[in-house]
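**Q** This is the structure I have questions about; it appears just below.
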Amino acid sequence: MKKAVFSTLGLALLLSTSTAVASAQEAQEAAPALQKEPIQLSGNGTDREPNDWFDQASEILAGVDIYGEIGRHFDGGYAGYYDTTDYYKFKAFQSGWYQFNIQGDIYPNTWLRLGLADSNGHFIRYANDREYSLGKNLEAGKWYYLVVETPNAELGQLFDYKITSTIK
C-alpha cells in the first residue's frame, strides 16, 4: 500500500513539474523579451573621436542627421579618459531658425543635453534639463558649435544618440 501511494505521489510530482516547465517555456515564447533598441551608429562616421572640445570639433552640415556615442573609455595619457561630451562645428548656410532634436539613451541620473555656442566658444543657448530639443535664430555665413553632453553621468554609462535638425 505504501509503495502504491509513493508511486502515485511520485508520478503526480513528475507530471506537475513537467507541466510547470512546459508552461514556463510557452510563456517565454509568447512574451518577447524586453530589449533596449540601440541607435545604430551610421557608417559615415559623424562622431569622430576625439571631438571633446572646441578645437577638436567634428565639422558637419546643418540639416544632416548626426549619429554619435558618449561614455566610451579611450586609452591615452596616464590612465586614459572617458568621452563625456561631443562637439560639432557647422556653418549656417542661410539665416533662419535652426531646430536641433536629440534622441538616445536616458538614465535616471543623467540624460543627453544639447548646447549651442558661437564661433568663439561662448555658449549662447542650452536646452533645459531633460528637454531634447534646442532652437535658435542663426546668421548665414557664421560658424557655430553644437555640443552634446551628459550632466552627472557616471563612469561606464554609454549613450548612443541621433540628432536631427531643420532649418526654417
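Naming works like this for the C-alpha cells: A, B, ... for the chains as they're shown, residue 1 at the start of each chain, ligands 1 onward in shown order.
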I want to know what sits within 9 Å of A:Trp111, based on only C-alpha atoms, with residues of the same chain fewer than 6 positions away left out; could you give that as a PDB file with C-alpha atoms, in the first residue's frame?

**A**
```pdb
ATOM      1  CA  GLY A 104      19.014  58.435 -27.400  1.00  0.00           C
ATOM      2  CA  ASP A 105      19.741  56.722 -24.147  1.00  0.00           C
ATOM      3  CA  ASP A 129      17.161  69.836 -18.285  1.00  0.00           C
ATOM      4  CA  ARG A 130      15.553  66.773 -19.853  1.00  0.00           C
ATOM      5  CA  GLU A 149      26.823  66.441 -23.088  1.00  0.00           C
ATOM      6  CA  THR A 150      25.631  64.192 -20.281  1.00  0.00           C
ATOM      7  CA  PRO A 151      25.194  66.079 -16.991  1.00  0.00           C
ATOM      8  CA  ASN A 152      26.022  63.983 -13.900  1.00  0.00           C
ATOM      9  CA  ALA A 153      26.970  60.908 -15.930  1.00  0.00           C
ATOM     10  CA  PHE A 159      24.897  56.801 -24.705  1.00  0.00           C
TER      11      PHE A 159
END
```

**Q** Residues of stretch 57-148 of chain A in strand (DSSP E) according to DSSP, as a PDB file with N, CA and C atoms, in the first residue's frame?

**A**
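As a result, result_33.pdb now contains:
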```pdb
ATOM      1  N   SER A  58      34.122  67.966 -34.692  1.00  0.00           N
ATOM      2  CA  SER A  58      33.888  67.351 -35.997  1.00  0.00           C
ATOM      3  C   SER A  58      33.054  68.322 -36.822  1.00  0.00           C
ATOM      4  N   GLU A  59      33.496  68.597 -38.049  1.00  0.00           N
ATOM      5  CA  GLU A  59      32.734  69.505 -38.901  1.00  0.00           C
ATOM      6  C   GLU A  59      31.569  68.757 -39.539  1.00  0.00           C
ATOM      7  N   ILE A  66      23.025  63.449 -37.411  1.00  0.00           N
ATOM      8  CA  ILE A  66      24.296  63.147 -36.747  1.00  0.00           C
ATOM      9  C   ILE A  66      24.072  61.923 -35.874  1.00  0.00           C
ATOM     10  N   TYR A  67      24.966  60.960 -35.957  1.00  0.00           N
ATOM     11  CA  TYR A  67      24.928  59.778 -35.100  1.00  0.00           C
ATOM     12  C   TYR A  67      26.167  59.801 -34.230  1.00  0.00           C
ATOM     13  N   GLY A  68      25.988  59.596 -32.934  1.00  0.00           N
ATOM     14  CA  GLY A  68      27.138  59.669 -32.040  1.00  0.00           C
ATOM     15  C   GLY A  68      27.035  58.737 -30.861  1.00  0.00           C
ATOM     16  N   GLU A  69      28.107  58.760 -30.080  1.00  0.00           N
ATOM     17  CA  GLU A  69      28.209  57.914 -28.889  1.00  0.00           C
ATOM     18  C   GLU A  69      29.023  58.662 -27.844  1.00  0.00           C
ATOM     19  N   ILE A  70      28.545  58.610 -26.614  1.00  0.00           N
ATOM     20  CA  ILE A  70      29.262  59.228 -25.490  1.00  0.00           C
ATOM     21  C   ILE A  70      29.394  58.182 -24.385  1.00  0.00           C
ATOM     22  N   HIS A  73      35.408  54.561 -23.020  1.00  0.00           N
ATOM     23  CA  HIS A  73      36.736  54.800 -22.446  1.00  0.00           C
ATOM     24  C   HIS A  73      37.774  54.734 -23.551  1.00  0.00           C
ATOM     25  N   PHE A  74      38.694  55.698 -23.561  1.00  0.00           N
ATOM     26  CA  PHE A  74      39.771  55.730 -24.547  1.00  0.00           C
ATOM     27  C   PHE A  74      41.108  55.646 -23.833  1.00  0.00           C
ATOM     28  N   TYR A  81      40.867  58.184 -20.688  1.00  0.00           N
ATOM     29  CA  TYR A  81      39.802  59.125 -20.357  1.00  0.00           C
ATOM     30  C   TYR A  81      38.477  58.601 -20.885  1.00  0.00           C
ATOM     31  N   TYR A  82      37.410  59.133 -20.338  1.00  0.00           N
ATOM     32  CA  TYR A  82      36.058  58.805 -20.777  1.00  0.00           C
ATOM     33  C   TYR A  82      35.528  59.953 -21.626  1.00  0.00           C
ATOM     34  N   THR A  85      31.570  64.361 -23.638  1.00  0.00           N
ATOM     35  CA  THR A  85      30.997  65.468 -24.399  1.00  0.00           C
ATOM     36  C   THR A  85      31.437  65.344 -25.850  1.00  0.00           C
ATOM     37  N   ASP A  86      30.545  65.700 -26.776  1.00  0.00           N
ATOM     38  CA  ASP A  86      30.890  65.737 -28.192  1.00  0.00           C
ATOM     39  C   ASP A  86      30.623  67.135 -28.728  1.00  0.00           C
ATOM     40  N   TYR A  87      31.557  67.648 -29.561  1.00  0.00           N
ATOM     41  CA  TYR A  87      31.450  68.966 -30.166  1.00  0.00           C
ATOM     42  C   TYR A  87      31.389  68.814 -31.677  1.00  0.00           C
ATOM     43  N   TYR A  88      30.446  69.532 -32.292  1.00  0.00           N
ATOM     44  CA  TYR A  88      30.285  69.540 -33.741  1.00  0.00           C
ATOM     45  C   TYR A  88      30.299  70.991 -34.213  1.00  0.00           C
ATOM     46  N   LYS A  89      31.053  71.248 -35.268  1.00  0.00           N
ATOM     47  CA  LYS A  89      31.180  72.597 -35.805  1.00  0.00           C
ATOM     48  C   LYS A  89      30.423  72.662 -37.127  1.00  0.00           C
ATOM     49  N   PHE A  90      29.642  73.741 -37.327  1.00  0.00           N
ATOM     50  CA  PHE A  90      28.940  73.890 -38.600  1.00  0.00           C
ATOM     51  C   PHE A  90      28.824  75.363 -38.956  1.00  0.00           C
ATOM     52  N   LYS A  91      28.650  75.596 -40.254  1.00  0.00           N
ATOM     53  CA  LYS A  91      28.464  76.946 -40.766  1.00  0.00           C
ATOM     54  C   LYS A  91      26.995  77.094 -41.157  1.00  0.00           C
ATOM     55  N   GLY A  96      18.127  82.003 -40.367  1.00  0.00           N
ATOM     56  CA  GLY A  96      16.829  81.450 -40.029  1.00  0.00           C
ATOM     57  C   GLY A  96      16.868  80.684 -38.719  1.00  0.00           C
ATOM     58  N   TRP A  97      15.744  80.022 -38.438  1.00  0.00           N
ATOM     59  CA  TRP A  97      15.576  79.247 -37.222  1.00  0.00           C
ATOM     60  C   TRP A  97      16.165  77.854 -37.428  1.00  0.00           C
ATOM     61  N   TYR A  98      17.128  77.492 -36.605  1.00  0.00           N
ATOM     62  CA  TYR A  98      17.744  76.167 -36.640  1.00  0.00           C
ATOM     63  C   TYR A  98      17.219  75.390 -35.443  1.00  0.00           C
ATOM     64  N   GLN A  99      16.575  74.278 -35.710  1.00  0.00           N
ATOM     65  CA  GLN A  99      15.990  73.451 -34.654  1.00  0.00           C
ATOM     66  C   GLN A  99      16.733  72.111 -34.614  1.00  0.00           C
ATOM     67  N   PHE A 100      17.312  71.770 -33.471  1.00  0.00           N
ATOM     68  CA  PHE A 100      18.036  70.512 -33.281  1.00  0.00           C
ATOM     69  C   PHE A 100      17.259  69.640 -32.296  1.00  0.00           C
ATOM     70  N   ASN A 101      17.108  68.374 -32.620  1.00  0.00           N
ATOM     71  CA  ASN A 101      16.416  67.411 -31.751  1.00  0.00           C
ATOM     72  C   ASN A 101      17.329  66.223 -31.533  1.00  0.00           C
ATOM     73  N   ILE A 102      17.377  65.744 -30.306  1.00  0.00           N
ATOM     74  CA  ILE A 102      18.229  64.598 -29.999  1.00  0.00           C
ATOM     75  C   ILE A 102      17.371  63.474 -29.420  1.00  0.00           C
ATOM     76  N   GLN A 103      17.698  62.269 -29.815  1.00  0.00           N
ATOM     77  CA  GLN A 103      17.070  61.093 -29.205  1.00  0.00           C
ATOM     78  C   GLN A 103      18.175  60.104 -28.892  1.00  0.00           C
ATOM     79  N   GLY A 104      17.995  59.389 -27.798  1.00  0.00           N
ATOM     80  CA  GLY A 104      19.014  58.435 -27.400  1.00  0.00           C
ATOM     81  C   GLY A 104      18.785  57.931 -25.995  1.00  0.00           C
ATOM     82  N   ARG A 113      22.047  66.287 -23.260  1.00  0.00           N
ATOM     83  CA  ARG A 113      21.667  67.694 -23.304  1.00  0.00           C
ATOM     84  C   ARG A 113      22.400  68.373 -24.466  1.00  0.00           C
ATOM     85  N   LEU A 114      21.680  69.235 -25.160  1.00  0.00           N
ATOM     86  CA  LEU A 114      22.245  69.997 -26.269  1.00  0.00           C
ATOM     87  C   LEU A 114      22.621  71.402 -25.833  1.00  0.00           C
ATOM     88  N   GLY A 115      23.708  71.891 -26.403  1.00  0.00           N
ATOM     89  CA  GLY A 115      24.128  73.271 -26.192  1.00  0.00           C
ATOM     90  C   GLY A 115      24.551  73.858 -27.531  1.00  0.00           C
ATOM     91  N   LEU A 116      24.495  75.176 -27.646  1.00  0.00           N
ATOM     92  CA  LEU A 116      24.886  75.859 -28.870  1.00  0.00           C
ATOM     93  C   LEU A 116      25.839  76.978 -28.496  1.00  0.00           C
ATOM     94  N   ALA A 117      26.983  77.049 -29.177  1.00  0.00           N
ATOM     95  CA  ALA A 117      27.988  78.068 -28.890  1.00  0.00           C
ATOM     96  C   ALA A 117      28.322  78.823 -30.174  1.00  0.00           C
ATOM     97  N   ASP A 118      28.783  80.058 -30.013  1.00  0.00           N
ATOM     98  CA  ASP A 118      29.205  80.835 -31.177  1.00  0.00           C
ATOM     99  C   ASP A 118      30.615  80.429 -31.589  1.00  0.00           C
ATOM    100  N   PHE A 123      28.830  80.000 -25.031  1.00  0.00           N
ATOM    101  CA  PHE A 123      27.526  79.352 -25.152  1.00  0.00           C
ATOM    102  C   PHE A 123      26.436  80.408 -25.255  1.00  0.00           C
ATOM    103  N   ILE A 124      25.589  80.245 -26.256  1.00  0.00           N
ATOM    104  CA  ILE A 124      24.503  81.184 -26.487  1.00  0.00           C
ATOM    105  C   ILE A 124      23.142  80.566 -26.140  1.00  0.00           C
ATOM    106  N   ARG A 125      23.108  79.263 -25.992  1.00  0.00           N
ATOM    107  CA  ARG A 125      21.846  78.619 -25.597  1.00  0.00           C
ATOM    108  C   ARG A 125      22.136  77.181 -25.161  1.00  0.00           C
ATOM    109  N   TYR A 126      21.427  76.761 -24.117  1.00  0.00           N
ATOM    110  CA  TYR A 126      21.401  75.362 -23.653  1.00  0.00           C
ATOM    111  C   TYR A 126      19.958  74.902 -23.639  1.00  0.00           C
ATOM    112  N   SER A 133      15.329  69.122 -27.299  1.00  0.00           N
ATOM    113  CA  SER A 133      15.392  69.945 -28.499  1.00  0.00           C
ATOM    114  C   SER A 133      15.954  71.312 -28.128  1.00  0.00           C
ATOM    115  N   LEU A 134      16.502  71.960 -29.137  1.00  0.00           N
ATOM    116  CA  LEU A 134      17.123  73.266 -28.949  1.00  0.00           C
ATOM    117  C   LEU A 134      16.955  74.035 -30.246  1.00  0.00           C
ATOM    118  N   GLY A 135      16.467  75.260 -30.165  1.00  0.00           N
ATOM    119  CA  GLY A 135      16.291  76.077 -31.352  1.00  0.00           C
ATOM    120  C   GLY A 135      16.832  77.473 -31.150  1.00  0.00           C
ATOM    121  N   LYS A 136      17.284  78.081 -32.258  1.00  0.00           N
ATOM    122  CA  LYS A 136      17.855  79.435 -32.174  1.00  0.00           C
ATOM    123  C   LYS A 136      17.913  80.022 -33.583  1.00  0.00           C
ATOM    124  N   ASN A 137      17.654  81.330 -33.694  1.00  0.00           N
ATOM    125  CA  ASN A 137      17.875  82.030 -34.952  1.00  0.00           C
ATOM    126  C   ASN A 137      19.374  82.209 -35.154  1.00  0.00           C
ATOM    127  N   LEU A 138      19.876  81.777 -36.292  1.00  0.00           N
ATOM    128  CA  LEU A 138      21.306  81.879 -36.590  1.00  0.00           C
ATOM    129  C   LEU A 138      21.507  82.698 -37.862  1.00  0.00           C
ATOM    130  N   TRP A 143      30.016  80.656 -38.129  1.00  0.00           N
ATOM    131  CA  TRP A 143      30.300  79.312 -37.609  1.00  0.00           C
ATOM    132  C   TRP A 143      29.723  79.180 -36.207  1.00  0.00           C
ATOM    133  N   TYR A 144      29.227  77.963 -35.911  1.00  0.00           N
ATOM    134  CA  TYR A 144      28.641  77.651 -34.614  1.00  0.00           C
ATOM    135  C   TYR A 144      29.093  76.268 -34.178  1.00  0.00           C
ATOM    136  N   TYR A 145      28.934  76.002 -32.891  1.00  0.00           N
ATOM    137  CA  TYR A 145      29.221  74.689 -32.329  1.00  0.00           C
ATOM    138  C   TYR A 145      27.942  74.121 -31.720  1.00  0.00           C
ATOM    139  N   LEU A 146      27.648  72.878 -32.053  1.00  0.00           N
ATOM    140  CA  LEU A 146      26.578  72.130 -31.411  1.00  0.00           C
ATOM    141  C   LEU A 146      27.256  71.162 -30.454  1.00  0.00           C
ATOM    142  N   VAL A 147      26.846  71.191 -29.193  1.00  0.00           N
ATOM    143  CA  VAL A 147      27.506  70.397 -28.162  1.00  0.00           C
ATOM    144  C   VAL A 147      26.508  69.409 -27.560  1.00  0.00           C
ATOM    145  N   VAL A 148      26.947  68.162 -27.398  1.00  0.00           N
ATOM    146  CA  VAL A 148      26.150  67.124 -26.740  1.00  0.00           C
ATOM    147  C   VAL A 148      26.886  66.742 -25.467  1.00  0.00           C
TER     148      VAL A 148
END
```

**Q** Taking only C-alpha atoms into account, name the residue in A:Gly71, A:Gly80, A:Tyr132, A:Pro50 that is nearest to A:Ser165.

**A**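 Closest to A:Ser165, using only C-alpha atoms: A:Tyr132.
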
**Q** Between A:Glu154, A:Ala127, A:His122, A:Ala92, which one has atoms that come closest to A:Thr110, using only C-alpha atoms?

**A**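 Closest candidate: A:Glu154.
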
**Q** When you count only C-alpha atoms, which of these residues is closest to A:Gly156: A:Ser119, A:Asn51, A:Thr84, A:Gln56?

**A**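 Nearest to A:Gly156: A:Thr84.
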
**Q** Let me make sure I understand: among A:Gln94, A:Leu155, A:Tyr161, A:Glu139, which one has the smallest atom-to-atom distance to A:Asp65 if we use only C-alpha atoms?

**A**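 Smallest separation from A:Asp65 among the options: A:Tyr161.
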
**Q** So what do you get for atom CA of A:Ala140 versus atom CA of A:Asp55, distance-wise?

**A**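 Taking atom CA of A:Ala140 and atom CA of A:Asp55, their separation equals 21.6 Å.
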
**Q** Could you please determine the separation between atom CA of A:Asn128 and atom CA of A:Leu61 in Å, to one decimal place?

**A**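 Here the two named atoms are 24.2 Å from each other.
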